[in-house]
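Okay, structure first, notes after.
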Amino acid sequence: MYFLLAFLTVATVGALLSARTLCGYNNISPWWKVLAFVLLWLMWSAPMILGLVRRKGWLEGPLYNAVAGVSYFLFGFAFILFALLLFRDVLWGLIYGFSRWRGQASAAWSPVNLSVLTVVNLITLALAVLLSFYALYQGIKTPRIAEVIIETPKIDREITLLQINDMHIDRSKPVRWFAEMVDLANAQQADLIVMPGDIVDDRVETIMPQLTELKRLKSRYGVYFSPGNHELYNGLAAIQRQLQKMNIVWLAGEGQQIADLPLYLAGIPDLPVLRDKAGYEHILDRASERDYKILLAHNPINAAEYIERGFDLQLSAHTHGGQIFPFHLPVKYVNRYLAGLYELPGGKLYISRGAGYWGPPMRLLAPSDMTLIRLKPVTASRKTVKPPAFEILPTNNAEQACIFDAKKV
């Protein structure tokens, strides 16, 4: 109930501010102003309305897919438009206020000049449309392969892990899209495939064609999965049974040695009760000191605590890298981290932006990815070698002499 009230509040405020900025100051009919508010409110409320439609089963099949795609796109457009209007008005107000303070302001460029405001509003709308379609292209294209190299003295040969997360498989996303992801993943020929959550985002029985594609994932030592918050929302037990039928190893509060590799892999579920503390004190009981220890944890918020407990690397997801700018800012504030590789005391945290999307089929300044992590032994070139204070150079008469080199002291 609290979430619903918060969502309705955000939708109403976002729609009201956008509508007032776009047409509240113009001499148009009040009915057009009300219509603009209603349309914007419907765009902002699309996730809530679609969630209700999906739960009630009012739309199914291709019709639901089409309605969901258009509705979520409009929701993303409303967010981008609101962000542009807010940024524009703050910047415009600051510049005009500073100009007035300097005595150089022109009334023609006043933020309350209706003729100028109308032109600027049209430009802002056009820019929002262009950014929305660019974000749509970035959201629905096949994710790129990002590459991360981590050196450690705990291994003696290169080990590759392919991290795939945040696919958000639901009934509205085409099977072909996930087939292309699987083909790309298999082409990396990784030693392990690891999936730290939010792969499934719908009831299992409604997404079997999409889930079947995951059966084709191949790596030398298997595919490993730890659940995220969206698996929890959509029936964790049913999802576990289905993935285990597909020979995907389920790690939720446990870990295991990976074949004959000096590698220990563990996973924890993203349970709300654990987000404020690091649980699972026993999770490293079967690991040895010599192992390179990796934790799959969907939510990165407790990374420092788990690294301190003894893990060398935590692989996380959840943030989508912000997905649509400027949503990056609140996402980082809430989760402490955003995306990429972080150096923490005692180990590392890596967060992938994810292969798919949640909600709007859009990404803006947060490209989707699957990450190939190369664990490499520490090379000789990385070791610290103190340079000599002198070097032996040949003299003109072919004798050897010790020549002091001041540059190498």
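Chains: A, B, ... in order of the structure tokens. Residues: from 1 per chain. Ligands: from 1, in order shown.
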For region 232-242 of chain A, please output as a PyMOL selection string all residues within 12 Å (counting only C-alpha atoms; exclusion window: fewer than 5 positions along the same chain).
chain A and resi 55+168-170+197-208+211-212+214-215+224-227+247-252+269-272+298
DSSP strand (DSSP E) selection over region 113-260 of chain A, as a PDB file with N, CA, C and O atoms, in the first residue's frame:
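Okay, this is what ended up in result_26.pdb:
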```pdb
ATOM      1  N   ARG A 144      26.379  -5.491 -25.464  1.00  0.00           N
ATOM      2  CA  ARG A 144      27.794  -5.609 -25.810  1.00  0.00           C
ATOM      3  C   ARG A 144      28.479  -6.570 -24.833  1.00  0.00           C
ATOM      4  O   ARG A 144      27.924  -6.919 -23.788  1.00  0.00           O
ATOM      5  N   ILE A 145      29.697  -6.971 -25.164  1.00  0.00           N
ATOM      6  CA  ILE A 145      30.530  -7.741 -24.248  1.00  0.00           C
ATOM      7  C   ILE A 145      31.556  -6.781 -23.647  1.00  0.00           C
ATOM      8  O   ILE A 145      32.423  -6.252 -24.343  1.00  0.00           O
ATOM      9  N   ALA A 146      31.409  -6.513 -22.357  1.00  0.00           N
ATOM     10  CA  ALA A 146      32.421  -5.744 -21.641  1.00  0.00           C
ATOM     11  C   ALA A 146      33.494  -6.722 -21.152  1.00  0.00           C
ATOM     12  O   ALA A 146      33.231  -7.909 -20.969  1.00  0.00           O
ATOM     13  N   GLU A 147      34.697  -6.238 -20.952  1.00  0.00           N
ATOM     14  CA  GLU A 147      35.786  -7.111 -20.521  1.00  0.00           C
ATOM     15  C   GLU A 147      36.506  -6.495 -19.334  1.00  0.00           C
ATOM     16  O   GLU A 147      36.816  -5.296 -19.320  1.00  0.00           O
ATOM     17  N   VAL A 148      36.736  -7.307 -18.324  1.00  0.00           N
ATOM     18  CA  VAL A 148      37.424  -6.881 -17.107  1.00  0.00           C
ATOM     19  C   VAL A 148      38.556  -7.859 -16.830  1.00  0.00           C
ATOM     20  O   VAL A 148      38.355  -9.079 -16.886  1.00  0.00           O
ATOM     21  N   ILE A 149      39.742  -7.343 -16.546  1.00  0.00           N
ATOM     22  CA  ILE A 149      40.900  -8.178 -16.224  1.00  0.00           C
ATOM     23  C   ILE A 149      41.249  -7.982 -14.755  1.00  0.00           C
ATOM     24  O   ILE A 149      41.411  -6.845 -14.293  1.00  0.00           O
ATOM     25  N   ILE A 150      41.336  -9.085 -14.021  1.00  0.00           N
ATOM     26  CA  ILE A 150      41.692  -9.037 -12.599  1.00  0.00           C
ATOM     27  C   ILE A 150      42.862  -9.992 -12.379  1.00  0.00           C
ATOM     28  O   ILE A 150      42.784 -11.172 -12.742  1.00  0.00           O
ATOM     29  N   GLU A 151      43.932  -9.487 -11.801  1.00  0.00           N
ATOM     30  CA  GLU A 151      45.101 -10.316 -11.523  1.00  0.00           C
ATOM     31  C   GLU A 151      45.091 -10.740 -10.056  1.00  0.00           C
ATOM     32  O   GLU A 151      44.730  -9.961  -9.169  1.00  0.00           O
ATOM     33  N   THR A 152      45.475 -11.980  -9.824  1.00  0.00           N
ATOM     34  CA  THR A 152      45.524 -12.512  -8.462  1.00  0.00           C
ATOM     35  C   THR A 152      46.637 -13.554  -8.351  1.00  0.00           C
ATOM     36  O   THR A 152      46.842 -14.339  -9.284  1.00  0.00           O
ATOM     37  N   ILE A 159      41.539 -17.890 -15.945  1.00  0.00           N
ATOM     38  CA  ILE A 159      40.185 -18.441 -15.803  1.00  0.00           C
ATOM     39  C   ILE A 159      39.206 -17.362 -16.248  1.00  0.00           C
ATOM     40  O   ILE A 159      39.301 -16.208 -15.804  1.00  0.00           O
ATOM     41  N   THR A 160      38.271 -17.719 -17.109  1.00  0.00           N
ATOM     42  CA  THR A 160      37.319 -16.726 -17.610  1.00  0.00           C
ATOM     43  C   THR A 160      35.922 -17.024 -17.088  1.00  0.00           C
ATOM     44  O   THR A 160      35.465 -18.170 -17.077  1.00  0.00           O
ATOM     45  N   LEU A 161      35.251 -15.957 -16.657  1.00  0.00           N
ATOM     46  CA  LEU A 161      33.867 -16.037 -16.217  1.00  0.00           C
ATOM     47  C   LEU A 161      33.044 -15.060 -17.038  1.00  0.00           C
ATOM     48  O   LEU A 161      33.445 -13.900 -17.222  1.00  0.00           O
ATOM     49  N   LEU A 162      31.922 -15.513 -17.520  1.00  0.00           N
ATOM     50  CA  LEU A 162      31.000 -14.622 -18.217  1.00  0.00           C
ATOM     51  C   LEU A 162      29.840 -14.305 -17.278  1.00  0.00           C
ATOM     52  O   LEU A 162      29.104 -15.203 -16.862  1.00  0.00           O
ATOM     53  N   GLN A 163      29.698 -13.025 -16.932  1.00  0.00           N
ATOM     54  CA  GLN A 163      28.621 -12.604 -16.040  1.00  0.00           C
ATOM     55  C   GLN A 163      27.427 -12.109 -16.859  1.00  0.00           C
ATOM     56  O   GLN A 163      27.552 -11.210 -17.688  1.00  0.00           O
ATOM     57  N   LEU A 192      33.308 -20.467 -16.953  1.00  0.00           N
ATOM     58  CA  LEU A 192      32.078 -20.504 -16.186  1.00  0.00           C
ATOM     59  C   LEU A 192      31.150 -19.395 -16.665  1.00  0.00           C
ATOM     60  O   LEU A 192      31.618 -18.335 -17.113  1.00  0.00           O
ATOM     61  N   ILE A 193      29.856 -19.630 -16.547  1.00  0.00           N
ATOM     62  CA  ILE A 193      28.862 -18.577 -16.724  1.00  0.00           C
ATOM     63  C   ILE A 193      28.199 -18.362 -15.376  1.00  0.00           C
ATOM     64  O   ILE A 193      27.742 -19.323 -14.737  1.00  0.00           O
ATOM     65  N   VAL A 194      28.178 -17.121 -14.923  1.00  0.00           N
ATOM     66  CA  VAL A 194      27.592 -16.795 -13.622  1.00  0.00           C
ATOM     67  C   VAL A 194      26.461 -15.790 -13.833  1.00  0.00           C
ATOM     68  O   VAL A 194      26.575 -14.862 -14.630  1.00  0.00           O
ATOM     69  N   MET A 195      25.367 -15.985 -13.085  1.00  0.00           N
ATOM     70  CA  MET A 195      24.165 -15.181 -13.279  1.00  0.00           C
ATOM     71  C   MET A 195      23.663 -14.683 -11.919  1.00  0.00           C
ATOM     72  O   MET A 195      22.879 -15.365 -11.242  1.00  0.00           O
ATOM     73  N   VAL A 223      26.929 -23.520 -15.518  1.00  0.00           N
ATOM     74  CA  VAL A 223      26.225 -22.241 -15.389  1.00  0.00           C
ATOM     75  C   VAL A 223      25.697 -22.149 -13.957  1.00  0.00           C
ATOM     76  O   VAL A 223      25.051 -23.075 -13.458  1.00  0.00           O
ATOM     77  N   TYR A 224      25.975 -21.022 -13.300  1.00  0.00           N
ATOM     78  CA  TYR A 224      25.654 -20.847 -11.888  1.00  0.00           C
ATOM     79  C   TYR A 224      24.757 -19.624 -11.708  1.00  0.00           C
ATOM     80  O   TYR A 224      24.974 -18.584 -12.333  1.00  0.00           O
ATOM     81  N   PHE A 225      23.796 -19.752 -10.795  1.00  0.00           N
ATOM     82  CA  PHE A 225      22.757 -18.726 -10.648  1.00  0.00           C
ATOM     83  C   PHE A 225      22.501 -18.432  -9.167  1.00  0.00           C
ATOM     84  O   PHE A 225      22.439 -19.353  -8.346  1.00  0.00           O
ATOM     85  N   ILE A 248      21.107 -25.683 -14.516  1.00  0.00           N
ATOM     86  CA  ILE A 248      21.708 -24.465 -13.997  1.00  0.00           C
ATOM     87  C   ILE A 248      21.854 -24.624 -12.490  1.00  0.00           C
ATOM     88  O   ILE A 248      20.889 -24.947 -11.789  1.00  0.00           O
ATOM     89  N   VAL A 249      23.078 -24.439 -11.974  1.00  0.00           N
ATOM     90  CA  VAL A 249      23.362 -24.652 -10.559  1.00  0.00           C
ATOM     91  C   VAL A 249      22.803 -23.489  -9.753  1.00  0.00           C
ATOM     92  O   VAL A 249      23.123 -22.324 -10.009  1.00  0.00           O
ATOM     93  N   TRP A 250      21.981 -23.799  -8.770  1.00  0.00           N
ATOM     94  CA  TRP A 250      21.300 -22.800  -7.935  1.00  0.00           C
ATOM     95  C   TRP A 250      22.128 -22.562  -6.671  1.00  0.00           C
ATOM     96  O   TRP A 250      22.365 -23.467  -5.878  1.00  0.00           O
ATOM     97  N   GLU A 254      24.831 -20.650  -0.172  1.00  0.00           N
ATOM     98  CA  GLU A 254      25.812 -21.726  -0.121  1.00  0.00           C
ATOM     99  C   GLU A 254      26.876 -21.505  -1.183  1.00  0.00           C
ATOM    100  O   GLU A 254      26.748 -20.640  -2.051  1.00  0.00           O
ATOM    101  N   GLY A 255      27.939 -22.310  -1.104  1.00  0.00           N
ATOM    102  CA  GLY A 255      29.011 -22.211  -2.077  1.00  0.00           C
ATOM    103  C   GLY A 255      29.608 -23.567  -2.366  1.00  0.00           C
ATOM    104  O   GLY A 255      29.301 -24.552  -1.695  1.00  0.00           O
ATOM    105  N   GLN A 256      30.475 -23.606  -3.376  1.00  0.00           N
ATOM    106  CA  GLN A 256      31.111 -24.875  -3.731  1.00  0.00           C
ATOM    107  C   GLN A 256      32.418 -24.640  -4.469  1.00  0.00           C
ATOM    108  O   GLN A 256      32.613 -23.597  -5.098  1.00  0.00           O
ATOM    109  N   GLN A 257      33.283 -25.632  -4.370  1.00  0.00           N
ATOM    110  CA  GLN A 257      34.520 -25.641  -5.131  1.00  0.00           C
ATOM    111  C   GLN A 257      34.186 -25.941  -6.592  1.00  0.00           C
ATOM    112  O   GLN A 257      33.323 -26.773  -6.887  1.00  0.00           O
TER     113      GLN A 257
END
```
Do you know which residues are at most 10 Å from Val129 (chain A) counting only C-alpha atoms, after dropping those on the same chain fewer than 6 positions away, and could you put them as a ChimeraX atom specification?
/A:77-78,80-81,123,135
Can I get the selection written as a PDB file, in the first residue's frame, with N, CA, C and O atoms?
```
ATOM      1  N   PHE A  77       9.478   8.072 -21.931  1.00  0.00           N
ATOM      2  CA  PHE A  77       9.424   9.399 -22.546  1.00  0.00           C
ATOM      3  C   PHE A  77       9.009  10.450 -21.519  1.00  0.00           C
ATOM      4  O   PHE A  77       9.586  11.544 -21.471  1.00  0.00           O
ATOM      5  N   ALA A  78       7.995  10.152 -20.699  1.00  0.00           N
ATOM      6  CA  ALA A  78       7.533  11.103 -19.686  1.00  0.00           C
ATOM      7  C   ALA A  78       8.649  11.429 -18.705  1.00  0.00           C
ATOM      8  O   ALA A  78       8.812  12.594 -18.296  1.00  0.00           O
ATOM      9  N   ILE A  80      11.985  11.205 -19.273  1.00  0.00           N
ATOM     10  CA  ILE A  80      13.012  11.998 -19.959  1.00  0.00           C
ATOM     11  C   ILE A  80      12.542  13.434 -20.152  1.00  0.00           C
ATOM     12  O   ILE A  80      13.308  14.391 -19.949  1.00  0.00           O
ATOM     13  N   LEU A  81      11.281  13.606 -20.534  1.00  0.00           N
ATOM     14  CA  LEU A  81      10.734  14.953 -20.708  1.00  0.00           C
ATOM     15  C   LEU A  81      10.782  15.729 -19.397  1.00  0.00           C
ATOM     16  O   LEU A  81      11.194  16.906 -19.367  1.00  0.00           O
ATOM     17  N   ILE A 123      11.097  23.024 -28.627  1.00  0.00           N
ATOM     18  CA  ILE A 123      12.446  22.468 -28.776  1.00  0.00           C
ATOM     19  C   ILE A 123      12.678  21.358 -27.747  1.00  0.00           C
ATOM     20  O   ILE A 123      13.239  20.294 -28.062  1.00  0.00           O
ATOM     21  N   ALA A 135      17.273   6.184 -26.826  1.00  0.00           N
ATOM     22  CA  ALA A 135      17.284   5.297 -25.663  1.00  0.00           C
ATOM     23  C   ALA A 135      16.599   3.977 -25.974  1.00  0.00           C
ATOM     24  O   ALA A 135      17.016   2.919 -25.486  1.00  0.00           O
TER      25      ALA A 135
END
```
From the options A:Leu372, A:Cys23, A:Leu114, A:Leu131, which residue's atoms come nearest to Asn186 (chain A), counting only C-alpha atoms?
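Checking each candidate against Asn186 (chain A), we get A:Leu372 as the closest.
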Quick one: everything within 10 Å of Pro47 (chain A), counting only C-alpha atoms, minus sequence neighbours fewer than 3 positions away in the same chain. Send it as a PyMOL selection string.
chain A and resi 7+42-44+50-53+68+71-72+75+359-360
Convert the current residue selection to file output with all heavy atoms, as a tab-separated table (two decimals), in the first residue's frame.
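Final file, out_27.tsv:
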```
chain	number	residue	atom	x	y	z
A	7	PHE	N	3.98	5.70	-5.45
A	7	PHE	CA	4.01	5.73	-6.91
A	7	PHE	C	2.97	6.70	-7.45
A	7	PHE	O	3.26	7.48	-8.38
A	7	PHE	CB	3.74	4.33	-7.47
A	7	PHE	CG	4.08	4.19	-8.93
A	7	PHE	CD1	5.33	3.75	-9.31
A	7	PHE	CD2	3.16	4.53	-9.91
A	7	PHE	CE1	5.66	3.64	-10.65
A	7	PHE	CE2	3.49	4.42	-11.24
A	7	PHE	CZ	4.74	3.97	-11.62
A	42	LEU	N	-1.22	9.36	-17.31
A	42	LEU	CA	-1.33	7.99	-17.79
A	42	LEU	C	0.04	7.44	-18.18
A	42	LEU	O	0.33	6.25	-17.95
A	42	LEU	CB	-2.29	7.92	-18.98
A	42	LEU	CG	-3.77	8.11	-18.65
A	42	LEU	CD1	-4.59	8.20	-19.94
A	42	LEU	CD2	-4.30	6.98	-17.77
A	43	MET	N	0.87	8.28	-18.78
A	43	MET	CA	2.23	7.84	-19.12
A	43	MET	C	3.01	7.50	-17.85
A	43	MET	O	3.66	6.44	-17.77
A	43	MET	CB	2.96	8.94	-19.90
A	43	MET	CG	2.41	9.21	-21.28
A	43	MET	SD	3.37	10.53	-22.09
A	43	MET	CE	2.34	10.88	-23.50
A	44	TRP	N	2.97	8.37	-16.86
A	44	TRP	CA	3.68	8.14	-15.61
A	44	TRP	C	3.14	6.89	-14.89
A	44	TRP	O	3.89	6.20	-14.20
A	44	TRP	CB	3.55	9.35	-14.69
A	44	TRP	CG	4.55	10.43	-14.94
A	44	TRP	CD1	4.38	11.55	-15.71
A	44	TRP	CD2	5.89	10.51	-14.44
A	44	TRP	NE1	5.52	12.31	-15.71
A	44	TRP	CE2	6.45	11.70	-14.94
A	44	TRP	CE3	6.65	9.69	-13.62
A	44	TRP	CZ2	7.76	12.09	-14.64
A	44	TRP	CZ3	7.95	10.07	-13.31
A	44	TRP	CH2	8.49	11.26	-13.82
A	50	LEU	N	-0.10	-1.47	-16.00
A	50	LEU	CA	0.27	-2.74	-16.65
A	50	LEU	C	0.42	-3.87	-15.64
A	50	LEU	O	0.11	-5.02	-15.94
A	50	LEU	CB	1.56	-2.56	-17.45
A	50	LEU	CG	1.41	-1.83	-18.78
A	50	LEU	CD1	2.77	-1.52	-19.37
A	50	LEU	CD2	0.58	-2.65	-19.76
A	51	GLY	N	0.93	-3.53	-14.46
A	51	GLY	CA	1.04	-4.55	-13.42
A	51	GLY	C	-0.32	-5.11	-13.05
A	51	GLY	O	-0.48	-6.34	-12.89
A	52	LEU	N	-1.32	-4.24	-12.96
A	52	LEU	CA	-2.68	-4.68	-12.67
A	52	LEU	C	-3.23	-5.55	-13.81
A	52	LEU	O	-3.83	-6.60	-13.58
A	52	LEU	CB	-3.58	-3.47	-12.44
A	52	LEU	CG	-5.07	-3.75	-12.20
A	52	LEU	CD1	-5.25	-4.55	-10.92
A	52	LEU	CD2	-5.86	-2.44	-12.15
A	53	VAL	N	-3.01	-5.10	-15.05
A	53	VAL	CA	-3.49	-5.86	-16.22
A	53	VAL	C	-2.86	-7.25	-16.26
A	53	VAL	O	-3.53	-8.25	-16.54
A	53	VAL	CB	-3.18	-5.07	-17.51
A	53	VAL	CG1	-3.40	-5.94	-18.74
A	53	VAL	CG2	-4.02	-3.81	-17.59
A	68	ALA	N	2.14	-3.35	-23.80
A	68	ALA	CA	3.20	-3.16	-22.80
A	68	ALA	C	4.38	-2.39	-23.38
A	68	ALA	O	4.91	-1.47	-22.74
A	68	ALA	CB	3.67	-4.52	-22.28
A	71	SER	N	3.31	1.31	-23.88
A	71	SER	CA	3.05	1.98	-22.61
A	71	SER	C	4.34	2.26	-21.84
A	71	SER	O	4.54	3.36	-21.31
A	71	SER	CB	2.11	1.12	-21.75
A	71	SER	OG	0.88	0.94	-22.39
A	72	TYR	N	5.24	1.28	-21.79
A	72	TYR	CA	6.50	1.50	-21.09
A	72	TYR	C	7.38	2.51	-21.82
A	72	TYR	O	8.11	3.27	-21.18
A	72	TYR	CB	7.25	0.18	-20.91
A	72	TYR	CG	6.84	-0.57	-19.66
A	72	TYR	CD1	6.31	-1.85	-19.74
A	72	TYR	CD2	6.99	0.01	-18.40
A	72	TYR	CE1	5.94	-2.55	-18.60
A	72	TYR	CE2	6.63	-0.67	-17.26
A	72	TYR	CZ	6.10	-1.94	-17.35
A	72	TYR	OH	5.74	-2.62	-16.22
A	75	PHE	N	6.11	5.80	-20.77
A	75	PHE	CA	6.56	6.08	-19.40
A	75	PHE	C	7.99	6.61	-19.41
A	75	PHE	O	8.32	7.60	-18.73
A	75	PHE	CB	6.47	4.81	-18.56
A	75	PHE	CG	7.11	4.92	-17.20
A	75	PHE	CD1	6.59	5.75	-16.23
A	75	PHE	CD2	8.25	4.19	-16.91
A	75	PHE	CE1	7.19	5.86	-14.98
A	75	PHE	CE2	8.86	4.28	-15.67
A	75	PHE	CZ	8.33	5.12	-14.69
A	359	GLY	N	11.04	-2.30	-17.03
A	359	GLY	CA	10.14	-1.18	-17.32
A	359	GLY	C	10.32	-0.69	-18.74
A	359	GLY	O	10.15	-1.46	-19.70
A	360	PRO	N	10.69	0.59	-18.90
A	360	PRO	CA	10.85	1.13	-20.26
A	360	PRO	C	11.91	0.37	-21.04
A	360	PRO	O	12.99	0.08	-20.50
A	360	PRO	CB	11.30	2.58	-20.00
A	360	PRO	CG	10.85	2.88	-18.61
A	360	PRO	CD	10.92	1.61	-17.87
```
